[in-house]
Amino acid sequence: EGIQELIRAIEDTGKDEYVATYNTGEFISHLVNKGYSRNKIELKIRSPFSCLGLYTKKDWIIIGDVGDLVGGGMEGGEIIVNGNAEKWVGGNMGSGRIEIGGNAGDNAGSGMRGGRIRVIGDAGDGVGIKKEGGMIEIGGNVGNYAGLEMKGGKIIVGGNAKDWTGKEMKGGMIEIGGNVGNYAGEWMRGGTVKIKGDAGAVIGGSMRGGRIEIGGNAGNYPGGSMRGGRIEIGGNAGCGAGKWMEGGTIVIKGTTGPWVGEEMNGGCLLYTSD
């Protein structure tokens, strides 16, 4: 195909700047979207072109690693990448499906309005930042800030998440199959975070609404400065649960450390004492 020949010619120049520039990937995507008569294309690449599948409604099979913004703004179709992807997978996508056979970089699904993203391996920081709808599935682990300012849709993580999961979350659902780090649900206003494993310190700190469910244990100061919403801890909690709490509900089904409800001014705190 002419598009495949164009890609080979660009790669054969040996100049990385031709591959790295967003303009090259945008041009390739424009050729596929507007100048290619078929609804499905298969491309083999040796270099990680960015912006492949930009604004597409067609089906792509890409063999090799891709750069930033694969499937950015896509409005339909399917993109399958048999390799790894760099940043912003499916950024601002409206519909369609993306599958990454390896790992993904930061900000996968950021600003996503609809559609589905599946990453077989791990993903970096900022999965689903400010997403409004759609589904993101990460088979492995994710970094910091998963679901930051998320408004809707769903994020499913098979492994662990680092810090600030669901920070300032307003709606939707996040499910973590493993453990999370510190500050999950900080300043949360709506939605649900479900954690099957353990959670770190200051879970639900300053949260205003929404729900956090922890299947295992939680660290120190869960619900610190909490003003609304609900936190349920299936196991034990560290010290200072509900410190400076003004509203909302905390349920601890196991035991907890000292300073429970210290300087608490409102809300409901239920726990089992040692």
# chains A, B, ... in the order shown; residues from 1 in each chain; ligands from 1

$ residues_around --residues "A:Gly205" --least-positions-apart "4" --cutoff "6 Å" --atoms "only C-alpha atoms" --output "ChimeraX atom specification"
/A:186,223-226

$ write_last_selection --atoms "N, CA, C and O atoms" --output "mmCIF file, in the first residue's frame"
data_model
loop_
_atom_site.group_PDB
_atom_site.id
_atom_site.type_symbol
_atom_site.label_atom_id
_atom_site.label_comp_id
_atom_site.auth_asym_id
_atom_site.auth_seq_id
_atom_site.Cartn_x
_atom_site.Cartn_y
_atom_site.Cartn_z
ATOM 1 N N GLU A 186 -8.726 11.817 47.973
ATOM 2 C CA GLU A 186 -8.543 13.129 48.592
ATOM 3 C C GLU A 186 -9.393 14.178 47.872
ATOM 4 O O GLU A 186 -9.419 14.238 46.649
ATOM 5 N N GLY A 223 -10.067 9.283 56.428
ATOM 6 C CA GLY A 223 -11.144 10.248 56.648
ATOM 7 C C GLY A 223 -10.732 11.488 57.390
ATOM 8 O O GLY A 223 -11.596 12.210 57.920
ATOM 9 N N GLY A 224 -9.455 11.815 57.427
ATOM 10 C CA GLY A 224 -9.017 13.030 58.096
ATOM 11 C C GLY A 224 -9.612 14.268 57.439
ATOM 12 O O GLY A 224 -9.589 14.409 56.216
ATOM 13 N N SER A 225 -10.191 15.147 58.234
ATOM 14 C CA SER A 225 -10.832 16.383 57.746
ATOM 15 C C SER A 225 -11.988 16.115 56.781
ATOM 16 O O SER A 225 -12.365 16.968 55.990
ATOM 17 N N MET A 226 -12.557 14.949 56.857
ATOM 18 C CA MET A 226 -13.689 14.552 55.992
ATOM 19 C C MET A 226 -14.928 15.391 56.318
ATOM 20 O O MET A 226 -15.234 15.652 57.481
#

$ residues_around --residues "A:Ala123" --least-positions-apart "6" --cutoff "8 Å" --atoms "only C-alpha atoms" --output "PyMOL selection string"
chain A and resi 103-106+108+138+140-143

$ closest_residue --among "A:Gly267, A:Gly248, A:Gly158, A:Gly147" --to "A:Gly121" --atoms "only C-alpha atoms"
A:Gly158

$ atom_distance --atom1 "atom CA of A:Gly172" --atom2 "atom CA of A:Leu269"
25.1 Å

$ residues_around --residues "A:Phe27" --least-positions-apart "4" --cutoff "12 Å" --atoms "only C-alpha atoms" --output "PyMOL selection string"
chain A and resi 3+6-7+18-19+21-23+31-35+49-55

$ residues_around --residues "A:Met93" --least-positions-apart "4" --cutoff "6 Å" --atoms "only C-alpha atoms" --output "VMD selection string"
chain A and resid 72 to 74 112 to 113

$ atom_distance --atom1 "atom CA of A:Ala146" --atom2 "atom CA of A:Lys194"
12.8 Å

$ closest_residue --among "A:Gly64, A:Gly126, A:Gly234, A:Gly200" --to "A:Ser47" --atoms "only C-alpha atoms"
A:Gly64

$ select_by_dssp --residues "stretch 21-268 of chain A" --states "helix (DSSP H, G or I)" --output "ChimeraX atom specification"
/A:22-35

$ decode --residues "stretch 61-76 of chain A" --atoms "all heavy atoms" --output "PDB file, in the first residue's frame"
ATOM      1  N   ILE A  61      -4.897  -1.842  12.502  1.00  0.00           N
ATOM      2  CA  ILE A  61      -4.024  -2.798  13.178  1.00  0.00           C
ATOM      3  C   ILE A  61      -2.611  -2.285  12.991  1.00  0.00           C
ATOM      4  O   ILE A  61      -2.136  -2.124  11.858  1.00  0.00           O
ATOM      5  CB  ILE A  61      -4.166  -4.217  12.601  1.00  0.00           C
ATOM      6  CG1 ILE A  61      -5.588  -4.743  12.812  1.00  0.00           C
ATOM      7  CG2 ILE A  61      -3.150  -5.151  13.253  1.00  0.00           C
ATOM      8  CD1 ILE A  61      -5.838  -6.095  12.168  1.00  0.00           C
ATOM      9  N   ILE A  62      -1.941  -1.981  14.115  1.00  0.00           N
ATOM     10  CA  ILE A  62      -0.599  -1.422  14.055  1.00  0.00           C
ATOM     11  C   ILE A  62       0.354  -2.414  14.704  1.00  0.00           C
ATOM     12  O   ILE A  62       0.209  -2.756  15.879  1.00  0.00           O
ATOM     13  CB  ILE A  62      -0.520  -0.063  14.774  1.00  0.00           C
ATOM     14  CG1 ILE A  62      -1.526   0.918  14.155  1.00  0.00           C
ATOM     15  CG2 ILE A  62       0.891   0.503  14.707  1.00  0.00           C
ATOM     16  CD1 ILE A  62      -1.671   2.222  14.920  1.00  0.00           C
ATOM     17  N   ILE A  63       1.318  -2.882  13.937  1.00  0.00           N
ATOM     18  CA  ILE A  63       2.296  -3.855  14.422  1.00  0.00           C
ATOM     19  C   ILE A  63       3.585  -3.109  14.728  1.00  0.00           C
ATOM     20  O   ILE A  63       4.274  -2.621  13.828  1.00  0.00           O
ATOM     21  CB  ILE A  63       2.520  -4.958  13.382  1.00  0.00           C
ATOM     22  CG1 ILE A  63       1.190  -5.664  13.078  1.00  0.00           C
ATOM     23  CG2 ILE A  63       3.564  -5.960  13.873  1.00  0.00           C
ATOM     24  CD1 ILE A  63       1.251  -6.621  11.919  1.00  0.00           C
ATOM     25  N   GLY A  64       3.873  -2.990  16.012  1.00  0.00           N
ATOM     26  CA  GLY A  64       5.025  -2.217  16.469  1.00  0.00           C
ATOM     27  C   GLY A  64       4.612  -1.220  17.537  1.00  0.00           C
ATOM     28  O   GLY A  64       3.428  -1.023  17.807  1.00  0.00           O
ATOM     29  N   ASP A  65       5.599  -0.593  18.184  1.00  0.00           N
ATOM     30  CA  ASP A  65       5.330   0.401  19.216  1.00  0.00           C
ATOM     31  C   ASP A  65       4.879   1.718  18.600  1.00  0.00           C
ATOM     32  O   ASP A  65       5.319   2.084  17.499  1.00  0.00           O
ATOM     33  CB  ASP A  65       6.586   0.647  20.063  1.00  0.00           C
ATOM     34  CG  ASP A  65       7.036  -0.592  20.829  1.00  0.00           C
ATOM     35  OD1 ASP A  65       6.194  -1.488  21.045  1.00  0.00           O
ATOM     36  OD2 ASP A  65       8.221  -0.645  21.216  1.00  0.00           O
ATOM     37  N   VAL A  66       4.003   2.430  19.314  1.00  0.00           N
ATOM     38  CA  VAL A  66       3.516   3.726  18.832  1.00  0.00           C
ATOM     39  C   VAL A  66       3.915   4.822  19.812  1.00  0.00           C
ATOM     40  O   VAL A  66       4.210   4.576  20.978  1.00  0.00           O
ATOM     41  CB  VAL A  66       1.985   3.720  18.631  1.00  0.00           C
ATOM     42  CG1 VAL A  66       1.595   2.729  17.558  1.00  0.00           C
ATOM     43  CG2 VAL A  66       1.262   3.423  19.940  1.00  0.00           C
ATOM     44  N   GLY A  67       3.889   6.061  19.319  1.00  0.00           N
ATOM     45  CA  GLY A  67       4.234   7.213  20.139  1.00  0.00           C
ATOM     46  C   GLY A  67       3.029   7.768  20.881  1.00  0.00           C
ATOM     47  O   GLY A  67       2.126   7.036  21.287  1.00  0.00           O
ATOM     48  N   ASP A  68       2.996   9.085  21.039  1.00  0.00           N
ATOM     49  CA  ASP A  68       1.936   9.747  21.782  1.00  0.00           C
ATOM     50  C   ASP A  68       0.636   9.809  20.979  1.00  0.00           C
ATOM     51  O   ASP A  68       0.643   9.784  19.744  1.00  0.00           O
ATOM     52  CB  ASP A  68       2.344  11.183  22.119  1.00  0.00           C
ATOM     53  CG  ASP A  68       3.558  11.266  23.029  1.00  0.00           C
ATOM     54  OD1 ASP A  68       3.881  10.256  23.675  1.00  0.00           O
ATOM     55  OD2 ASP A  68       4.190  12.342  23.085  1.00  0.00           O
ATOM     56  N   LEU A  69      -0.456   9.925  21.715  1.00  0.00           N
ATOM     57  CA  LEU A  69      -1.775  10.269  21.165  1.00  0.00           C
ATOM     58  C   LEU A  69      -2.311   9.274  20.142  1.00  0.00           C
ATOM     59  O   LEU A  69      -3.043   9.673  19.232  1.00  0.00           O
ATOM     60  CB  LEU A  69      -1.753  11.671  20.541  1.00  0.00           C
ATOM     61  CG  LEU A  69      -2.151  12.813  21.465  1.00  0.00           C
ATOM     62  CD1 LEU A  69      -1.906  14.166  20.787  1.00  0.00           C
ATOM     63  CD2 LEU A  69      -3.616  12.712  21.877  1.00  0.00           C
ATOM     64  N   VAL A  70      -2.008   8.008  20.263  1.00  0.00           N
ATOM     65  CA  VAL A  70      -2.655   7.041  19.384  1.00  0.00           C
ATOM     66  C   VAL A  70      -4.149   7.061  19.687  1.00  0.00           C
ATOM     67  O   VAL A  70      -4.573   7.025  20.834  1.00  0.00           O
ATOM     68  CB  VAL A  70      -2.066   5.627  19.558  1.00  0.00           C
ATOM     69  CG1 VAL A  70      -2.262   5.082  20.963  1.00  0.00           C
ATOM     70  CG2 VAL A  70      -2.646   4.670  18.526  1.00  0.00           C
ATOM     71  N   GLY A  71      -4.957   7.198  18.651  1.00  0.00           N
ATOM     72  CA  GLY A  71      -6.402   7.238  18.823  1.00  0.00           C
ATOM     73  C   GLY A  71      -6.932   8.513  19.449  1.00  0.00           C
ATOM     74  O   GLY A  71      -8.081   8.552  19.890  1.00  0.00           O
ATOM     75  N   GLY A  72      -6.141   9.556  19.483  1.00  0.00           N
ATOM     76  CA  GLY A  72      -6.602  10.810  20.064  1.00  0.00           C
ATOM     77  C   GLY A  72      -7.828  11.339  19.330  1.00  0.00           C
ATOM     78  O   GLY A  72      -7.833  11.447  18.108  1.00  0.00           O
ATOM     79  N   GLY A  73      -8.871  11.666  20.066  1.00  0.00           N
ATOM     80  CA  GLY A  73     -10.075  12.235  19.468  1.00  0.00           C
ATOM     81  C   GLY A  73     -10.840  11.296  18.565  1.00  0.00           C
ATOM     82  O   GLY A  73     -11.721  11.742  17.815  1.00  0.00           O
ATOM     83  N   MET A  74     -10.559   9.994  18.612  1.00  0.00           N
ATOM     84  CA  MET A  74     -11.222   9.084  17.675  1.00  0.00           C
ATOM     85  C   MET A  74     -12.725   9.052  17.928  1.00  0.00           C
ATOM     86  O   MET A  74     -13.195   9.223  19.055  1.00  0.00           O
ATOM     87  CB  MET A  74     -10.606   7.689  17.721  1.00  0.00           C
ATOM     88  CG  MET A  74     -10.897   6.871  18.953  1.00  0.00           C
ATOM     89  SD  MET A  74     -10.061   5.248  18.933  1.00  0.00           S
ATOM     90  CE  MET A  74     -10.942   4.361  17.651  1.00  0.00           C
ATOM     91  N   GLU A  75     -13.488   8.847  16.875  1.00  0.00           N
ATOM     92  CA  GLU A  75     -14.953   8.899  16.928  1.00  0.00           C
ATOM     93  C   GLU A  75     -15.604   7.601  16.492  1.00  0.00           C
ATOM     94  O   GLU A  75     -16.805   7.559  16.229  1.00  0.00           O
ATOM     95  CB  GLU A  75     -15.457  10.056  16.058  1.00  0.00           C
ATOM     96  CG  GLU A  75     -15.073  11.430  16.574  1.00  0.00           C
ATOM     97  CD  GLU A  75     -15.724  11.773  17.907  1.00  0.00           C
ATOM     98  OE1 GLU A  75     -16.723  11.124  18.278  1.00  0.00           O
ATOM     99  OE2 GLU A  75     -15.240  12.696  18.589  1.00  0.00           O
ATOM    100  N   GLY A  76     -14.835   6.536  16.412  1.00  0.00           N
ATOM    101  CA  GLY A  76     -15.385   5.248  16.014  1.00  0.00           C
ATOM    102  C   GLY A  76     -14.288   4.325  15.545  1.00  0.00           C
ATOM    103  O   GLY A  76     -13.114   4.682  15.487  1.00  0.00           O
TER     104      GLY A  76
END
